[in-house]
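Next comes query22.tsv, a file with TSV, C-alpha atoms.
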chain	number	residue	atom	x	y	z
A	85	THR	CA	0.00	0.00	0.00
A	86	ASP	CA	3.03	2.30	0.25
A	87	GLY	CA	5.02	1.42	-2.87
A	88	ALA	CA	6.91	-1.38	-1.08
A	89	SER	CA	8.50	0.95	1.46
A	90	SER	CA	7.34	-1.36	4.24
A	91	TRP	CA	6.62	-5.07	4.50
A	92	GLN	CA	4.44	-7.15	6.79
A	93	ARG	CA	4.93	-10.86	7.62
A	94	VAL	CA	1.67	-12.77	7.10
A	95	THR	CA	2.77	-16.28	8.15
A	96	THR	CA	4.15	-17.38	11.50
A	97	GLY	CA	7.23	-19.41	12.29
A	98	GLU	CA	9.94	-20.56	9.93
A	99	ARG	CA	8.00	-21.71	6.89
A	100	PHE	CA	9.35	-22.45	3.42
A	101	THR	CA	6.98	-21.18	0.75
A	102	PHE	CA	7.34	-21.40	-2.99
A	103	GLY	CA	4.81	-20.63	-5.72
A	104	MET	CA	1.77	-18.59	-4.81
A	105	ALA	CA	-1.46	-17.61	-6.54
A	106	ILE	CA	-4.35	-15.24	-5.87
A	107	ASP	CA	-7.84	-16.37	-6.86
A	108	PRO	CA	-9.03	-14.03	-9.65
A	109	SER	CA	-12.69	-14.59	-8.69
A	110	THR	CA	-12.05	-13.96	-4.95
A	111	PRO	CA	-8.91	-11.81	-4.54
A	112	SER	CA	-8.85	-12.26	-0.75
A	113	ARG	CA	-8.10	-15.98	-1.34
A	114	ILE	CA	-4.41	-16.91	-1.56
A	115	VAL	CA	-2.87	-20.36	-2.05
A	116	ALA	CA	0.87	-20.88	-1.51
A	117	GLY	CA	2.99	-23.98	-2.04
A	118	SER	CA	5.05	-25.16	0.90
A	119	SER	CA	7.39	-27.94	1.96
A	120	GLY	CA	6.18	-31.49	2.39
A	121	ASN	CA	2.95	-32.09	0.53
A	122	THR	CA	1.44	-28.91	1.92
A	123	LEU	CA	-0.48	-25.93	0.59
A	124	LEU	CA	-1.13	-22.87	2.73
A	125	ILE	CA	-4.56	-21.32	2.13
A	126	SER	CA	-5.86	-17.94	3.25
A	127	ASN	CA	-9.36	-16.64	2.66
A	128	ASP	CA	-8.74	-13.24	4.30
A	129	GLU	CA	-5.75	-11.70	2.47
A	130	GLY	CA	-3.21	-13.53	4.63
A	131	LYS	CA	-4.58	-12.68	8.07
A	132	SER	CA	-5.04	-16.41	8.81
A	133	TRP	CA	-3.84	-19.58	7.11
A	134	GLN	CA	-4.95	-23.22	6.95
A	135	GLU	CA	-2.86	-26.16	5.79
A	136	ARG	CA	-4.11	-28.52	3.09
A	137	HIS	CA	-2.15	-31.67	2.25
A	138	LEU	CA	-1.94	-33.29	-1.17
A	139	PRO	CA	-3.11	-36.92	-1.26
A	140	VAL	CA	0.38	-38.47	-1.27
A	141	THR	CA	2.80	-39.49	1.45
A	142	ALA	CA	4.67	-36.45	2.75
A	143	HIS	CA	8.40	-36.42	2.20
A	144	PRO	CA	10.85	-33.83	3.60
A	145	GLN	CA	12.46	-33.39	0.16
A	146	MET	CA	9.12	-32.72	-1.59
A	147	ALA	CA	7.56	-29.30	-2.00
A	148	VAL	CA	4.51	-27.85	-3.69
A	149	PHE	CA	6.45	-25.52	-5.94
A	150	SER	CA	3.96	-24.06	-8.43
A	151	VAL	CA	0.33	-23.05	-7.90
A	152	ALA	CA	-2.29	-21.59	-10.25
A	153	PHE	CA	-6.00	-20.78	-10.36
A	154	HIS	CA	-7.83	-21.15	-13.65
A	155	PRO	CA	-8.90	-17.61	-14.66
A	156	LEU	CA	-12.37	-18.54	-15.98
A	157	ARG	CA	-13.20	-21.62	-13.89
A	158	PRO	CA	-13.13	-20.39	-10.25
A	159	GLY	CA	-13.06	-23.83	-8.62
A	160	ILE	CA	-10.00	-25.13	-10.47
A	161	VAL	CA	-6.70	-24.89	-8.60
A	162	MET	CA	-3.53	-26.65	-9.82
A	163	ALA	CA	-0.45	-27.54	-7.77
A	164	GLY	CA	2.85	-28.84	-9.16
A	165	THR	CA	5.53	-30.59	-7.15
A	166	HIS	CA	9.30	-30.38	-6.89
A	167	ARG	CA	11.79	-32.76	-5.26
A	168	HIS	CA	15.08	-31.47	-3.83
A	169	ASP	CA	16.63	-34.94	-3.76
A	170	GLY	CA	16.49	-35.51	-7.54
A	171	ARG	CA	13.94	-38.34	-7.39
A	172	ALA	CA	10.82	-38.54	-9.55
A	173	ILE	CA	8.23	-35.96	-8.55
A	174	GLU	CA	4.73	-36.69	-7.38
A	175	GLY	CA	3.41	-34.63	-10.31
A	176	LEU	CA	0.46	-32.35	-10.95
A	177	PHE	CA	-2.53	-32.16	-8.64
A	178	MET	CA	-5.86	-30.51	-9.38
A	179	SER	CA	-8.76	-29.35	-7.26
A	180	ILE	CA	-12.19	-28.61	-8.72
A	181	ASP	CA	-13.61	-27.43	-5.38
A	182	SER	CA	-11.46	-24.35	-4.66
A	183	ALA	CA	-8.59	-26.25	-2.96
A	184	LYS	CA	-10.72	-28.23	-0.51
A	185	THR	CA	-9.63	-31.55	-2.04
A	186	PHE	CA	-7.01	-32.49	-4.63
A	187	ARG	CA	-6.49	-35.44	-6.96
A	188	GLN	CA	-3.34	-36.45	-8.78
A	189	VAL	CA	-3.52	-35.83	-12.54
A	190	PRO	CA	-2.25	-38.79	-14.61
A	191	MET	CA	0.56	-37.63	-16.89
A	192	ASP	CA	2.43	-39.65	-19.49
A	193	ILE	CA	5.58	-37.52	-19.40
A	194	PRO	CA	8.88	-37.62	-17.50
A	195	ARG	CA	8.37	-37.02	-13.78
A	196	VAL	CA	10.73	-34.07	-13.34
A	197	ASN	CA	10.35	-30.90	-11.28
A	198	MET	CA	7.54	-28.54	-12.27
A	199	SER	CA	8.64	-24.94	-12.21
A	200	VAL	CA	5.55	-23.07	-13.45
A	201	ILE	CA	1.85	-23.58	-14.27
A	202	THR	CA	0.10	-21.11	-16.56
A	203	PRO	CA	-3.62	-21.72	-17.22
A	204	THR	CA	-5.25	-20.79	-20.51
A	205	ALA	CA	-8.27	-18.50	-20.71
A	206	GLY	CA	-10.27	-20.60	-23.18
A	207	GLU	CA	-12.32	-23.77	-23.35
A	208	PRO	CA	-11.62	-26.54	-22.84
A	209	ALA	CA	-9.81	-25.58	-19.67
A	210	ALA	CA	-6.10	-26.20	-20.09
A	211	ALA	CA	-2.72	-25.20	-18.69
A	212	TYR	CA	0.87	-25.00	-19.85
A	213	ILE	CA	3.38	-26.51	-17.45
A	214	GLY	CA	7.09	-25.73	-17.47
A	215	PHE	CA	9.36	-28.57	-16.36
A	216	ILE	CA	12.98	-28.12	-15.32
A	217	GLY	CA	15.05	-29.67	-18.09
A	218	THR	CA	12.19	-31.16	-20.13
A	219	GLY	CA	10.42	-28.21	-21.73
A	220	ILE	CA	6.82	-27.04	-21.79
A	221	PHE	CA	3.76	-29.29	-21.99
A	222	ARG	CA	0.03	-28.57	-22.39
A	223	VAL	CA	-2.58	-30.45	-20.36
A	224	GLU	CA	-6.37	-30.27	-20.80
A	225	LEU	CA	-8.22	-30.07	-17.50
A	226	GLY	CA	-11.66	-31.23	-18.59
A	227	LYS	CA	-14.85	-29.91	-20.08
A	228	LYS	CA	-16.95	-27.29	-18.33
A	229	ARG	CA	-19.91	-28.80	-16.49
Entire entry expressed as structure tokens:
Amino acid sequence: TDGASSWQRVTTGERFTFGMAIDPSTPSRIVAGSSGNTLLISNDEGKSWQERHLPVTAHPQMAVFSVAFHPLRPGIVMAGTHRHDGRAIEGLFMSIDSAKTFRQVPMDIPRVNMSVITPTAGEPAAAYIGFIGTGIFRVELGKKR
């Protein structure tokens, strides 16, 4: 609010965070990737946070690294994983209920770290995903219901 002259911490403790996204349909809603299989979710512009875990076994070397909301489909949230130990990643996860629950998206591509997710603005809903060392891939997220 003051041209970045001052900053305010909005999480508590020592917490690693990575990719972050603001819901275009509800700008007070923020989702941030964190270590383990964890997402941090705020519905009040960062005043409070809840943890949401992806449906895989947590590992200390795994992080939710990239996060994106679909711009025209408010309930779709995508989360991409990253492994610090060089092992195969857990992959892409998608929520269709505004980050309440996630499912793993089957992908027939190398399981390497995901660095960025950029959703498209058209139908069918889709996203481009940037992978470290493998390039860019497009994934369709399903028809509108």
Do you know which residues lie at most 10 Å from (1.5, -23.1, -8.0), with coordinates as in the file and only C-alpha atoms counted, and could you write them as JSON, numbers by chain?
{"A": [102, 103, 104, 105, 115, 116, 117, 118, 123, 148, 149, 150, 151, 152, 153, 161, 162, 163, 164, 165, 176, 177, 198, 199, 200, 201, 202]}
So that I have them on file, write out the residues from the current selection with C-alpha atoms, as a compact mmCIF listing (two decimals), in the frame of the given file.
# COMPACT_ATOMS: atom_id res chain seq x y z
CA PHE A 102 7.34 -21.40 -2.99
CA GLY A 103 4.81 -20.63 -5.72
CA MET A 104 1.77 -18.59 -4.81
CA ALA A 105 -1.46 -17.61 -6.54
CA VAL A 115 -2.87 -20.36 -2.05
CA ALA A 116 0.87 -20.88 -1.51
CA GLY A 117 2.99 -23.98 -2.04
CA SER A 118 5.05 -25.16 0.90
CA LEU A 123 -0.48 -25.93 0.59
CA VAL A 148 4.51 -27.85 -3.69
CA PHE A 149 6.45 -25.52 -5.94
CA SER A 150 3.96 -24.06 -8.43
CA VAL A 151 0.33 -23.05 -7.90
CA ALA A 152 -2.29 -21.59 -10.25
CA PHE A 153 -6.00 -20.78 -10.36
CA VAL A 161 -6.70 -24.89 -8.60
CA MET A 162 -3.53 -26.65 -9.82
CA ALA A 163 -0.45 -27.54 -7.77
CA GLY A 164 2.85 -28.84 -9.16
CA THR A 165 5.53 -30.59 -7.15
CA LEU A 176 0.46 -32.35 -10.95
CA PHE A 177 -2.53 -32.16 -8.64
CA MET A 198 7.54 -28.54 -12.27
CA SER A 199 8.64 -24.94 -12.21
CA VAL A 200 5.55 -23.07 -13.45
CA ILE A 201 1.85 -23.58 -14.27
CA THR A 202 0.10 -21.11 -16.56
Polymer residues at most 8 Å from Ala183 (chain A), only C-alpha atoms, same-chain spacing of 6 or more positions, as a ChimeraX atom specification
/A:136,159-161
Extending 8 Å beyond the listed atoms of region 137-142 of chain A on each side, what axis-aligned box results? I want centre and edge lengths in Å to one decimal, as lines of an AutoDock Vina configuration file.
center_x = 0.8
center_y = -35.6
center_z = 0.7
size_x = 23.8
size_y = 23.8
size_z = 20.0
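Each of A:Pro158, A:Gly120, A:Gly214, A:Pro203 was checked against Thr101 (chain A) using only C-alpha atoms; the smallest atom-to-atom distance is that of A:Gly120.
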Between CA of Thr95 (chain A) and CA of Pro108 (chain A), what distance in Å does the model show, to one decimal?
21.5 Å
Non-local contacts of Ala205 (chain A) (8 Å; only C-alpha atoms; under 6 positions in same chain excluded) as a list in words
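Within the cut-off, the hits are His154, Pro155 and Leu156 of chain A.
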Please determine, counting only C-alpha atoms, which residue among A:Val140, A:Ala209, A:Val196, A:Val189 has the shortest atom-to-atom distance to Ala172 (chain A).
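Looking only at the distances to Ala172 (chain A), the closest residue turns out to be A:Val196.
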Closest to Pro208 (chain A) among A:Leu138, A:Val94, A:Val223, A:Met178, using all atoms listed in the file?
A:Val223
Between A:Thr110, A:Thr85, A:Thr204, A:Thr96, which has the minimum distance to Glu129 (chain A) (counting only C-alpha atoms)?
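Between A:Thr110, A:Thr85, A:Thr204, A:Thr96, the residue approaching Glu129 (chain A) most closely is A:Thr110.
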Computed interatomic separation between CA of Glu135 (chain A) and CA of Trp91 (chain A) (Å):
23.2 Å
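Here CA of Arg157 (chain A) stands at a distance of 22.7 Å from CA of Thr122 (chain A).
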Applying 12 Å and only C-alpha atoms, which residues near region 191-195 of chain A remain after dropping the ones on its own chain fewer than 6 positions away? List them as a list in words.
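Counting only C-alpha atoms, the residues come to Gly164, Thr165, His166, Arg167, Gly170, Arg171, Ala172, Ile173, Glu174, Gly175, Leu176, Phe177, Ile213, Gly214, Phe215, Ile216, Gly217, Thr218, Gly219, Ile220, Phe221, Arg222, Val223, Glu224 and Leu225 of chain A.
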Nearest residue to Pro144 (chain A) out of A:Lys184, A:Lys131, A:His168, A:Arg93, using all atoms listed in the file?
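Under the stated criterion, the closest residue is A:His168.
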Test item: residues at most 8 Å from Trp133 (chain A), all atoms listed in the file, excluding those fewer than 3 positions along its chain, as a list of chain:residue names:
A:Thr95, A:Leu124, A:Ile125, A:Ser126, A:Asn127, A:Gly130
